[in-house]
$ cat model_18.csv   # CSV, C-alpha atoms
chain,number,residue,atom,x,y,z
A,347,MET,CA,-12.2,-26.0,0.0
A,348,VAL,CA,-10.3,-24.5,-2.9
A,349,ASN,CA,-6.5,-24.5,-2.5
A,350,LYS,CA,-5.8,-21.2,-4.2
A,351,LYS,CA,-2.1,-21.5,-4.3
A,352,SER,CA,-1.8,-24.8,-6.1
A,353,LYS,CA,-4.7,-24.2,-8.5
A,354,GLN,CA,-4.6,-20.5,-9.1
A,355,PHE,CA,-1.2,-19.1,-8.2
A,356,VAL,CA,1.1,-21.2,-10.3
A,357,PRO,CA,-0.1,-20.1,-13.8
A,358,ILE,CA,0.6,-16.4,-13.2
A,359,LEU,CA,4.2,-17.1,-12.2
A,360,LEU,CA,5.3,-19.6,-14.9
A,361,SER,CA,7.2,-17.0,-16.8
A,362,ALA,CA,8.2,-14.9,-13.8
A,363,VAL,CA,9.8,-17.6,-11.8
A,364,LEU,CA,11.5,-19.7,-14.5
A,365,LEU,CA,8.7,-22.4,-14.7
A,366,PHE,CA,9.5,-23.6,-11.2
A,367,HIS,CA,7.0,-26.0,-9.6
A,368,ALA,CA,4.7,-24.3,-7.1
A,369,ASN,CA,6.5,-25.8,-4.1
A,370,GLU,CA,9.8,-24.6,-5.4
A,371,VAL,CA,8.9,-20.9,-5.6
A,372,TYR,CA,8.0,-20.5,-1.9
A,373,ALA,CA,10.2,-17.7,-0.4
A,374,SER,CA,10.3,-19.8,2.8
A,375,PRO,CA,11.0,-23.5,3.2
A,376,ALA,CA,8.1,-25.7,4.1
A,377,PHE,CA,9.4,-26.3,7.6
A,378,SER,CA,9.3,-22.5,8.3
A,379,ARG,CA,5.6,-22.7,9.1
A,380,SER,CA,3.3,-25.3,10.6
A,381,ASP,CA,1.0,-27.3,8.4
A,382,ALA,CA,-1.9,-25.3,9.9
A,383,GLU,CA,-0.2,-22.0,9.0
A,384,TRP,CA,0.4,-23.0,5.4
A,385,GLU,CA,-3.1,-24.3,5.1
A,386,LYS,CA,-4.5,-21.0,6.3
A,387,LEU,CA,-2.3,-19.0,3.8
A,388,ARG,CA,-3.4,-21.4,1.0
A,389,ASP,CA,-7.1,-21.2,1.6
A,390,ASN,CA,-9.5,-19.2,-0.6
A,391,THR,CA,-9.9,-16.4,2.0
A,392,MET,CA,-8.3,-12.9,1.7
A,393,GLU,CA,-7.7,-11.4,5.1
A,394,TYR,CA,-6.1,-8.1,6.0
A,395,GLU,CA,-4.0,-9.8,8.8
A,396,GLU,CA,-2.5,-12.3,6.3
A,397,ILE,CA,-1.4,-9.7,3.7
A,398,GLU,CA,2.2,-9.4,4.8
A,399,ASP,CA,2.7,-13.2,4.8
A,400,LEU,CA,0.9,-13.6,1.5
A,401,ILE,CA,3.2,-11.0,-0.1
A,402,HIS,CA,6.2,-12.8,1.3
A,403,GLU,CA,5.2,-16.2,0.1
A,404,TYR,CA,3.4,-15.6,-3.2
A,405,ASN,CA,4.1,-12.2,-4.7
A,406,ALA,CA,5.8,-12.5,-8.1
A,407,THR,CA,8.1,-9.5,-7.5
A,408,VAL,CA,9.2,-10.8,-4.1
A,409,LEU,CA,9.8,-14.3,-5.4
A,410,ASN,CA,11.8,-13.0,-8.3
A,411,ASN,CA,13.9,-10.9,-5.9
A,412,GLN,CA,14.6,-14.0,-3.9
A,413,VAL,CA,15.8,-15.7,-7.1
A,414,GLU,CA,18.0,-12.8,-8.1
A,415,TYR,CA,19.4,-12.6,-4.5
A,416,SER,CA,20.4,-16.3,-4.6
A,417,LYS,CA,22.0,-15.8,-8.0
A,418,GLN,CA,23.9,-12.7,-6.8
A,419,ARG,CA,25.4,-14.7,-3.9
A,420,GLU,CA,27.4,-16.6,-6.4
A,421,ASP,CA,28.7,-13.4,-8.2
A,422,PRO,CA,31.7,-11.3,-7.2
A,423,THR,CA,31.3,-9.2,-4.0
A,424,ALA,CA,31.6,-5.4,-3.9
A,425,ASP,CA,35.2,-5.8,-2.8
A,426,ASP,CA,36.0,-8.2,-5.7
A,427,VAL,CA,34.5,-5.7,-8.2
A,428,ALA,CA,36.4,-2.8,-6.6
A,429,ARG,CA,39.6,-4.8,-6.6
A,430,SER,CA,39.1,-5.6,-10.3
A,431,TYR,CA,38.7,-1.9,-11.2
A,432,ARG,CA,41.9,-1.0,-9.3
A,433,ASP,CA,43.8,-3.9,-11.0
A,434,ASP,CA,42.7,-2.6,-14.4
A,435,ALA,CA,43.7,0.9,-13.4
A,436,ALA,CA,47.1,-0.4,-12.4
A,437,ASP,CA,47.5,-2.3,-15.7
A,438,LEU,CA,46.7,0.9,-17.6
A,439,ARG,CA,49.3,2.9,-15.7
A,440,SER,CA,51.8,0.2,-16.4
A,441,THR,CA,51.5,1.2,-20.1
A,442,ILE,CA,52.5,4.8,-19.4
A,443,THR,CA,56.1,5.0,-20.8
A,444,GLY,CA,56.6,8.8,-21.4
A,445,ASP,CA,57.1,8.2,-25.1
A,446,ASN,CA,53.7,9.3,-26.2
A,447,ASP,CA,52.1,12.2,-24.3
A,448,LEU,CA,48.6,11.6,-25.8
A,449,ALA,CA,48.5,7.9,-25.2
A,450,ASP,CA,49.9,8.4,-21.7
A,451,ALA,CA,47.2,11.1,-20.9
A,452,MET,CA,44.4,8.8,-22.2
A,453,ALA,CA,45.8,5.9,-20.1
A,454,GLU,CA,45.9,8.1,-17.0
A,455,ALA,CA,42.4,9.4,-17.6
A,456,GLN,CA,41.0,5.9,-18.0
A,457,ALA,CA,42.9,4.7,-14.9
A,458,ARG,CA,41.4,7.5,-12.8
A,459,SER,CA,37.9,6.7,-14.2
A,460,LEU,CA,38.3,3.1,-13.1
A,461,GLU,CA,39.5,4.1,-9.7
A,462,LYS,CA,36.5,6.3,-9.3
A,463,LYS,CA,34.2,3.4,-10.2
A,464,ALA,CA,36.0,1.4,-7.5
A,465,ASP,CA,35.4,4.3,-5.0
A,466,ASP,CA,31.8,4.6,-6.0
A,467,ASN,CA,31.1,0.8,-5.8
A,468,VAL,CA,29.1,0.7,-2.6
A,469,PHE,CA,26.5,-2.0,-3.6
A,470,ASP,CA,26.8,-5.4,-2.1
A,471,LEU,CA,24.7,-8.4,-1.0
A,472,GLU,CA,23.7,-6.7,2.3
A,473,VAL,CA,22.5,-3.6,0.4
A,474,MET,CA,20.6,-5.9,-1.9
A,475,ARG,CA,19.0,-7.7,1.0
A,476,TYR,CA,17.8,-4.5,2.6
A,477,SER,CA,16.5,-3.3,-0.8
A,478,ASN,CA,14.5,-6.5,-1.3
A,479,ILE,CA,13.0,-6.2,2.2
A,480,LEU,CA,12.1,-2.6,1.5
A,481,THR,CA,10.4,-3.7,-1.8
A,482,GLU,CA,8.5,-6.4,0.0
A,483,LYS,CA,7.3,-4.1,2.8
A,484,ASN,CA,6.2,-1.4,0.3
A,485,LEU,CA,4.2,-4.1,-1.6
A,486,THR,CA,2.5,-5.1,1.6
A,487,ILE,CA,1.6,-1.4,2.4
A,488,ILE,CA,0.2,-1.0,-1.1
A,489,ALA,CA,-1.9,-4.2,-0.8
A,490,GLN,CA,-3.2,-3.2,2.6
A,491,SER,CA,-4.1,0.2,1.3
A,492,ASP,CA,-5.8,-1.3,-1.7
A,493,LEU,CA,-7.9,-3.6,0.4
A,494,ILE,CA,-9.1,-0.6,2.5
A,495,SER,CA,-9.9,1.3,-0.7
A,496,TYR,CA,-11.8,-1.7,-2.0
A,497,TYR,CA,-14.1,-1.7,1.1
A,498,LYS,CA,-14.4,2.1,1.1
A,499,SER,CA,-15.5,1.9,-2.6
A,500,ILE,CA,-18.1,-0.7,-1.8
A,501,LEU,CA,-19.5,1.7,0.9
A,502,ASN,CA,-19.5,4.6,-1.6
A,503,LEU,CA,-21.3,2.4,-4.1
A,504,GLU,CA,-24.1,1.6,-1.6
A,505,VAL,CA,-24.6,5.4,-1.1
A,506,LEU,CA,-24.6,6.0,-4.9
A,507,LYS,CA,-27.2,3.3,-5.4
A,508,GLN,CA,-29.4,4.9,-2.6
A,509,ASN,CA,-28.9,8.3,-4.3
A,510,GLN,CA,-30.1,6.6,-7.5
A,511,LYS,CA,-33.3,5.6,-5.9
A,512,LEU,CA,-33.7,9.1,-4.5
A,513,LEU,CA,-33.0,10.9,-7.8
A,514,THR,CA,-35.4,8.5,-9.6
A,515,GLU,CA,-38.1,9.6,-7.3
A,516,VAL,CA,-37.1,13.2,-7.7
A,517,LEU,CA,-37.4,12.8,-11.5
A,518,ARG,CA,-40.9,11.1,-11.1
A,519,VAL,CA,-42.2,13.9,-8.8
A,520,THR,CA,-40.8,16.6,-11.1
A,521,GLU,CA,-42.5,15.0,-14.1
A,522,VAL,CA,-45.8,14.9,-12.2
A,523,GLN,CA,-45.4,18.5,-11.2
A,524,ARG,CA,-44.7,19.5,-14.8
A,525,SER,CA,-47.9,17.8,-15.9
A,526,ILE,CA,-49.9,20.0,-13.6
A,527,GLY,CA,-47.8,23.1,-14.4
A,528,SER,CA,-45.9,23.5,-11.2
A,529,SER,CA,-42.5,22.6,-12.7
A,530,THR,CA,-40.7,23.3,-16.0
A,531,ASN,CA,-39.0,21.3,-18.7
A,532,VAL,CA,-35.7,22.7,-17.5
A,533,GLU,CA,-36.3,21.3,-14.0
A,534,VAL,CA,-37.2,17.9,-15.5
A,535,LEU,CA,-34.0,18.0,-17.6
A,536,ASN,CA,-31.9,18.9,-14.6
A,537,ALA,CA,-33.5,16.0,-12.7
A,538,LYS,CA,-32.6,13.6,-15.6
A,539,ASN,CA,-29.0,14.9,-15.7
A,540,ASN,CA,-28.5,14.4,-12.0
A,541,LEU,CA,-29.8,10.9,-12.3
A,542,GLN,CA,-27.6,10.1,-15.3
A,543,LYS,CA,-24.5,11.5,-13.5
A,544,THR,CA,-25.2,9.2,-10.5
A,545,GLU,CA,-25.6,6.2,-12.8
A,546,THR,CA,-22.3,7.0,-14.5
A,547,SER,CA,-20.6,7.3,-11.1
A,548,ILE,CA,-22.1,3.9,-10.2
A,549,ILE,CA,-20.6,2.3,-13.3
A,550,GLN,CA,-17.2,4.0,-12.6
A,551,THR,CA,-17.2,2.9,-9.0
A,552,GLU,CA,-18.1,-0.7,-9.9
A,553,ALA,CA,-15.2,-0.7,-12.4
A,554,SER,CA,-12.9,0.6,-9.7
A,555,ILE,CA,-14.0,-2.1,-7.3
A,556,ASN,CA,-13.4,-4.8,-9.9
A,557,LYS,CA,-10.0,-3.4,-10.7
A,558,LEU,CA,-8.9,-3.3,-7.1
A,559,LYS,CA,-10.1,-6.9,-6.5
A,560,LYS,CA,-8.1,-8.2,-9.6
A,561,SER,CA,-5.0,-6.2,-8.6
A,562,LEU,CA,-5.2,-7.7,-5.0
A,563,CYS,CA,-5.7,-11.2,-6.3
A,564,VAL,CA,-2.6,-11.0,-8.5
A,565,MET,CA,-0.5,-9.3,-5.8
A,566,LEU,CA,-1.4,-11.9,-3.1
A,567,GLY,CA,-1.1,-15.1,-5.2
A,568,TRP,CA,-4.6,-15.7,-6.7
A,569,GLY,CA,-5.2,-15.8,-10.4
A,570,TYR,CA,-6.5,-12.7,-12.2
A,571,GLN,CA,-10.0,-14.1,-12.5
A,572,ALA,CA,-10.2,-15.6,-9.0
A,573,SER,CA,-13.0,-14.8,-6.5
A,574,PRO,CA,-11.6,-15.3,-3.0
A,575,ASP,CA,-13.7,-14.7,0.1
A,576,MET,CA,-12.6,-11.2,1.0
A,577,ARG,CA,-12.9,-10.5,4.7
A,578,PRO,CA,-13.6,-7.0,6.1
A,579,VAL,CA,-10.8,-4.7,7.3
A,580,PRO,CA,-10.3,-4.8,11.1
A,581,ALA,CA,-12.0,-2.1,13.2
A,582,SER,CA,-9.9,0.6,14.7
A,583,ASP,CA,-8.8,0.2,18.3
A,584,SER,CA,-9.3,3.4,20.3
A,585,ALA,CA,-6.8,2.3,22.9
A,586,ARG,CA,-4.1,1.8,20.3
A,587,ILE,CA,-3.3,5.5,19.8
A,588,SER,CA,-2.5,5.9,23.5
A,589,GLY,CA,0.6,3.8,22.9
A,590,PHE,CA,2.0,6.2,20.3
A,591,HIS,CA,4.9,8.4,21.5
A,592,PRO,CA,6.9,9.9,18.7
A,593,ASP,CA,9.7,11.1,20.9
A,594,LEU,CA,10.2,7.7,22.4
A,595,ASP,CA,9.5,5.8,19.2
A,596,TYR,CA,12.0,7.9,17.2
A,597,SER,CA,15.0,5.7,18.2
A,598,LYS,CA,13.1,2.6,17.2
A,599,ALA,CA,12.3,4.2,13.8
A,600,ILE,CA,15.9,5.1,13.3
A,601,ASP,CA,17.1,1.5,14.2
A,602,ASN,CA,14.6,-0.1,12.0
A,603,ASN,CA,14.6,2.1,8.9
A,604,TYR,CA,15.6,0.2,5.8
A,605,GLU,CA,16.6,3.2,3.7
A,606,LEU,CA,18.9,4.3,6.5
A,607,LYS,CA,20.3,0.8,6.9
A,608,MET,CA,21.2,0.8,3.1
A,609,ASN,CA,22.9,4.1,3.3
A,610,GLN,CA,24.8,3.1,6.4
A,611,ARG,CA,26.0,0.0,4.6
A,612,LYS,CA,27.0,2.0,1.6
A,613,LEU,CA,29.0,4.3,3.8
A,614,GLU,CA,30.8,1.3,5.2
A,615,ASN,CA,31.6,0.1,1.7
A,616,ALA,CA,32.8,3.5,0.4
A,617,VAL,CA,36.5,4.1,0.0
A,618,SER,CA,37.0,7.7,-1.1
A,619,GLU,CA,36.3,10.5,1.3
A,620,VAL,CA,34.1,12.3,-1.3
A,621,VAL,CA,31.8,9.3,-1.4
A,622,LYS,CA,31.9,8.9,2.3
A,623,ASP,CA,30.9,12.5,2.9
A,624,SER,CA,28.0,12.1,0.5
A,625,TYR,CA,26.6,9.2,2.5
A,626,ARG,CA,27.2,10.9,5.8
A,627,ILE,CA,25.1,13.9,4.6
A,628,LYS,CA,22.4,11.4,3.4
A,629,ILE,CA,22.4,9.6,6.7
A,630,ARG,CA,22.0,12.9,8.7
A,631,ASP,CA,19.2,13.9,6.4
A,632,ASN,CA,17.5,10.5,6.7
A,633,LYS,CA,17.5,10.8,10.5
A,634,ASP,CA,15.9,14.2,10.4
A,635,LYS,CA,13.2,13.1,7.9
A,636,ILE,CA,12.4,10.0,9.9
A,637,GLY,CA,11.6,12.2,12.9
A,638,THR,CA,9.5,14.5,10.7
A,639,ASP,CA,7.6,11.6,9.2
A,640,LEU,CA,6.9,10.1,12.6
A,641,ASP,CA,5.5,13.4,13.8
A,642,LYS,CA,3.4,13.7,10.7
A,643,LYS,CA,1.9,10.2,11.0
A,644,TYR,CA,1.1,10.8,14.6
A,645,ARG,CA,-0.7,14.0,13.8
A,646,GLU,CA,-2.7,12.3,11.1
A,647,ALA,CA,-3.8,9.6,13.5
A,648,LEU,CA,-5.0,12.2,15.9
A,649,GLN,CA,-6.8,14.1,13.2
A,650,ALA,CA,-8.4,10.8,12.0
A,651,GLN,CA,-9.6,10.2,15.6
A,652,VAL,CA,-11.3,13.6,15.7
A,653,ALA,CA,-12.9,12.9,12.2
A,654,TYR,CA,-14.2,9.6,13.5
A,655,HIS,CA,-15.9,11.1,16.5
A,656,GLU,CA,-17.4,13.9,14.3
A,657,ALA,CA,-18.8,11.2,12.0
A,658,GLN,CA,-20.2,9.4,15.0
A,659,SER,CA,-22.0,12.5,16.2
A,660,ALA,CA,-23.3,13.2,12.7
A,661,LEU,CA,-24.7,9.6,12.5
A,662,GLU,CA,-26.4,9.9,15.9
A,663,GLU,CA,-28.2,13.1,14.7
A,664,SER,CA,-29.2,11.5,11.4
A,665,ALA,CA,-30.5,8.4,13.3
A,666,ARG,CA,-32.8,10.6,15.4
A,667,LYS,CA,-34.2,12.2,12.2
A,668,MET,CA,-34.6,8.8,10.6
A,669,GLU,CA,-36.7,7.6,13.5
A,670,ILE,CA,-38.9,10.7,13.3
A,671,ALA,CA,-39.2,10.2,9.5
A,672,SER,CA,-40.2,6.6,10.0
A,673,GLN,CA,-42.9,7.5,12.4
A,674,LYS,CA,-44.3,10.2,10.1
A,675,MET,CA,-44.2,7.8,7.2
A,676,GLN,CA,-46.3,5.3,9.2
A,677,LEU,CA,-48.8,8.2,10.0
A,678,GLY,CA,-48.8,9.3,6.4
A,679,THR,CA,-47.7,12.9,7.2
A,680,ILE,CA,-44.7,12.8,4.9
A,681,GLY,CA,-44.4,11.6,1.3
A,682,GLN,CA,-42.1,9.0,-0.3
A,683,LEU,CA,-39.7,11.7,-1.5
A,684,ASP,CA,-39.1,13.2,1.9
A,685,TYR,CA,-38.7,9.8,3.5
A,686,LEU,CA,-36.2,8.7,0.8
A,687,GLN,CA,-34.2,11.9,1.4
A,688,GLN,CA,-33.9,11.2,5.1
A,689,GLN,CA,-33.1,7.5,4.4
A,690,THR,CA,-30.4,8.5,2.0
A,691,ASP,CA,-28.9,10.9,4.6
A,692,TYR,CA,-28.9,8.1,7.2
A,693,LEU,CA,-27.2,5.6,5.0
A,694,THR,CA,-24.6,8.3,3.9
A,695,LYS,CA,-23.8,9.0,7.6
A,696,GLN,CA,-23.7,5.3,8.4
A,697,ASN,CA,-21.2,4.6,5.7
A,698,ALA,CA,-19.2,7.8,6.4
A,699,LEU,CA,-18.7,6.5,10.0
A,700,LYS,CA,-17.4,3.2,8.6
A,701,ILE,CA,-15.1,5.0,6.2
A,702,ALA,CA,-13.9,7.2,9.1
A,703,ASP,CA,-13.2,4.1,11.1
A,704,MET,CA,-11.1,2.6,8.3
A,705,ASP,CA,-9.2,5.9,7.8
A,706,TRP,CA,-8.4,6.0,11.5
A,707,PHE,CA,-7.3,2.4,11.5
A,708,TRP,CA,-5.1,3.1,8.5
A,709,THR,CA,-3.4,6.1,10.0
A,710,MET,CA,-2.5,4.0,13.0
A,711,GLU,CA,-1.2,1.3,10.7
A,712,GLN,CA,1.0,3.9,8.9
A,713,TYR,CA,2.4,5.1,12.2
A,714,ASP,CA,3.4,1.6,13.1
A,715,TRP,CA,5.0,1.1,9.7
A,716,SER,CA,7.0,4.3,10.2
A,717,VAL,CA,8.3,2.9,13.6
A,718,ASN,CA,9.0,-0.5,12.0
A,719,GLY,CA,11.3,0.6,9.3
A,720,MET,CA,9.2,2.4,6.7
A,721,ALA,CA,9.4,6.0,7.7
A,722,SER,CA,9.7,8.2,4.6
A,723,VAL,CA,13.2,9.7,4.1
A,724,GLU,CA,12.2,11.5,0.9
$ encode --input "model_18.csv" --output "structure tokens"
Amino acid sequence: MVNKKSKQFVPILLSAVLLFHANEVYASPAFSRSDAEWEKLRDNTMEYEEIEDLIHEYNATVLNNQVEYSKQREDPTADDVARSYRDDAADLRSTITGDNDLADAMAEAQARSLEKKADDNVFDLEVMRYSNILTEKNLTIIAQSDLISYYKSILNLEVLKQNQKLLTEVLRVTEVQRSIGSSTNVEVLNAKNNLQKTETSIIQTEASINKLKKSLCVMLGWGYQASPDMRPVPASDSARISGFHPDLDYSKAIDNNYELKMNQRKLENAVSEVVKDSYRIKIRDNKDKIGTDLDKKYREALQAQVAYHEAQSALEESARKMEIASQKMQLGTIGQLDYLQQQTDYLTKQNALKIADMDWFWTMEQYDWSVNGMASVE
């Protein structure tokens, strides 16, 4: 079995992580996971359920943030910096003698500027820690969304290729009809154009799939040219949505929200009342927007549930028509073109249901992310 992390991950991080050996760039120490857990993360299989752990252990941005955080711990604290600004301001004021109005005014202005910097200095290690967590969670969400997009694009590609077969047959039939005078050159040209458009869409979709795969490989610790075994996205759980209660979950979303935690910490660090008032307003606004976001995500999950059931009904109807078309094809009462049209409709409805299932799953994931600290406050 290929050990992706030791053979493929290290090269893409040599410059990003100061040429550390692979074992020295883990965000977590070796003892933080069992040997079996590490082996599972290091195998050559990309699984949706492992994305959060893969981002934590192998993403270049996350690892760099860990390095920067460690370095920052040795630097002056927010209190140290603020005290330095105030000391500098006091030194400037000590130069005010009353003998030179211009010089005295400049010294006073500079002193006030330094004091304002001290008042505005609300960043500290705790804020940095929350900021790093927020970055890591956002990267996880992006990777999860990209994996879903990857599989949706594969399903769309299948439909496009089926349409290509159908349109090829349409062109053949139209050309035959033209030869006996029942269609025109314009109709043949339109059939060719439709086929060419579909072939162009196939090329574009294949490029998009390849781009998503490469992006995921880099984000999750594989090399750019790697070809991991990519496992399907989990199916939606119809019982899961019954556990969503925005009114009850609101307090959890407030307690967990990382943007809110940062602003609350900045309020604690603030000195001047002006700066404090600014963060009090931000915090109130954050809380309102967290509630709005939670309600929005809940409605989206309900809408996705309805869309899933509609896609289910559409597939059932298409399946009935497909069965009839197959029987007629065996009896020779319909031609290849009519059969391909029904076959294409059936595949389209099949894949539409699979996409609806992924969309429903993703809306439920997004609701949980909102509860677990990632509700939007913008």
$ residues_around --input "model_18.csv" --residues "range 404-421 of chain A" --least-positions-apart "3" --cutoff "6 Å" --atoms "all atoms listed in the file" --output "ChimeraX atom specification"
/A:400-401,565-567
$ closest_residue --input "model_18.csv" --among "A:Phe707, A:Leu485, A:Ala657, A:Leu480" --to "Ser722 in chain A" --atoms "all atoms listed in the file"
A:Leu480
$ closest_residue --input "model_18.csv" --among "A:Glu396, A:Asp583, A:Glu403, A:Asp447" --to "Met704 in chain A" --atoms "all atoms listed in the file"
A:Asp583
$ closest_residue --input "model_18.csv" --among "A:Ile587, A:Val505, A:Leu686, A:Ala671" --to "Leu648 in chain A" --atoms "only C-alpha atoms"
A:Ile587
$ closest_residue --input "model_18.csv" --among "A:Ser528, A:Thr638, A:Thr486, A:Gln688" --to "Glu724 in chain A" --atoms "all atoms listed in the file"
A:Thr638
$ closest_residue --input "model_18.csv" --among "A:Val473, A:Ala382, A:Ala451, A:Ala489" --to "Ile397 in chain A" --atoms "only C-alpha atoms"
A:Ala489
$ atom_distance --input "model_18.csv" --atom1 "CA of Lys498 in chain A" --atom2 "CA of Val579 in chain A"
9.9 Å
$ atom_distance --input "model_18.csv" --atom1 "CA of Arg524 in chain A" --atom2 "CA of Leu512 in chain A"
18.3 Å
$ closest_residue --input "model_18.csv" --among "A:Ser672, A:Ser716, A:Ser547, A:Ser664" --to "Leu503 in chain A" --atoms "all atoms listed in the file"
A:Ser547
$ residues_around --input "model_18.csv" --residues "Ala721 in chain A" --least-positions-apart "5" --cutoff "8 Å" --atoms "all atoms listed in the file" --output "PyMOL selection string"
chain A and resi 599+603+636+639-640+715-716
$ residues_around --input "model_18.csv" --residues "Glu515 in chain A" --least-positions-apart "4" --cutoff "7 Å" --atoms "only C-alpha atoms" --output "ChimeraX atom specification"
/A:511,519,683
$ write_last_selection --input "model_18.csv" --atoms "C-alpha atoms" --output "CSV table (one decimal), in the frame of the given file"
chain,number,residue,atom,x,y,z
A,511,LYS,CA,-33.3,5.6,-5.9
A,519,VAL,CA,-42.2,13.9,-8.8
A,683,LEU,CA,-39.7,11.7,-1.5
$ residues_around --input "model_18.csv" --residues "Thr551 in chain A" --least-positions-apart "3" --cutoff "12 Å" --atoms "all atoms listed in the file" --output "PyMOL selection string"
chain A and resi 495-507+544-548+554-558
$ residues_around --input "model_18.csv" --residues "His655 in chain A" --least-positions-apart "4" --cutoff "9 Å" --atoms "only C-alpha atoms" --output "ChimeraX atom specification"
/A:650-651,659-660,699,702
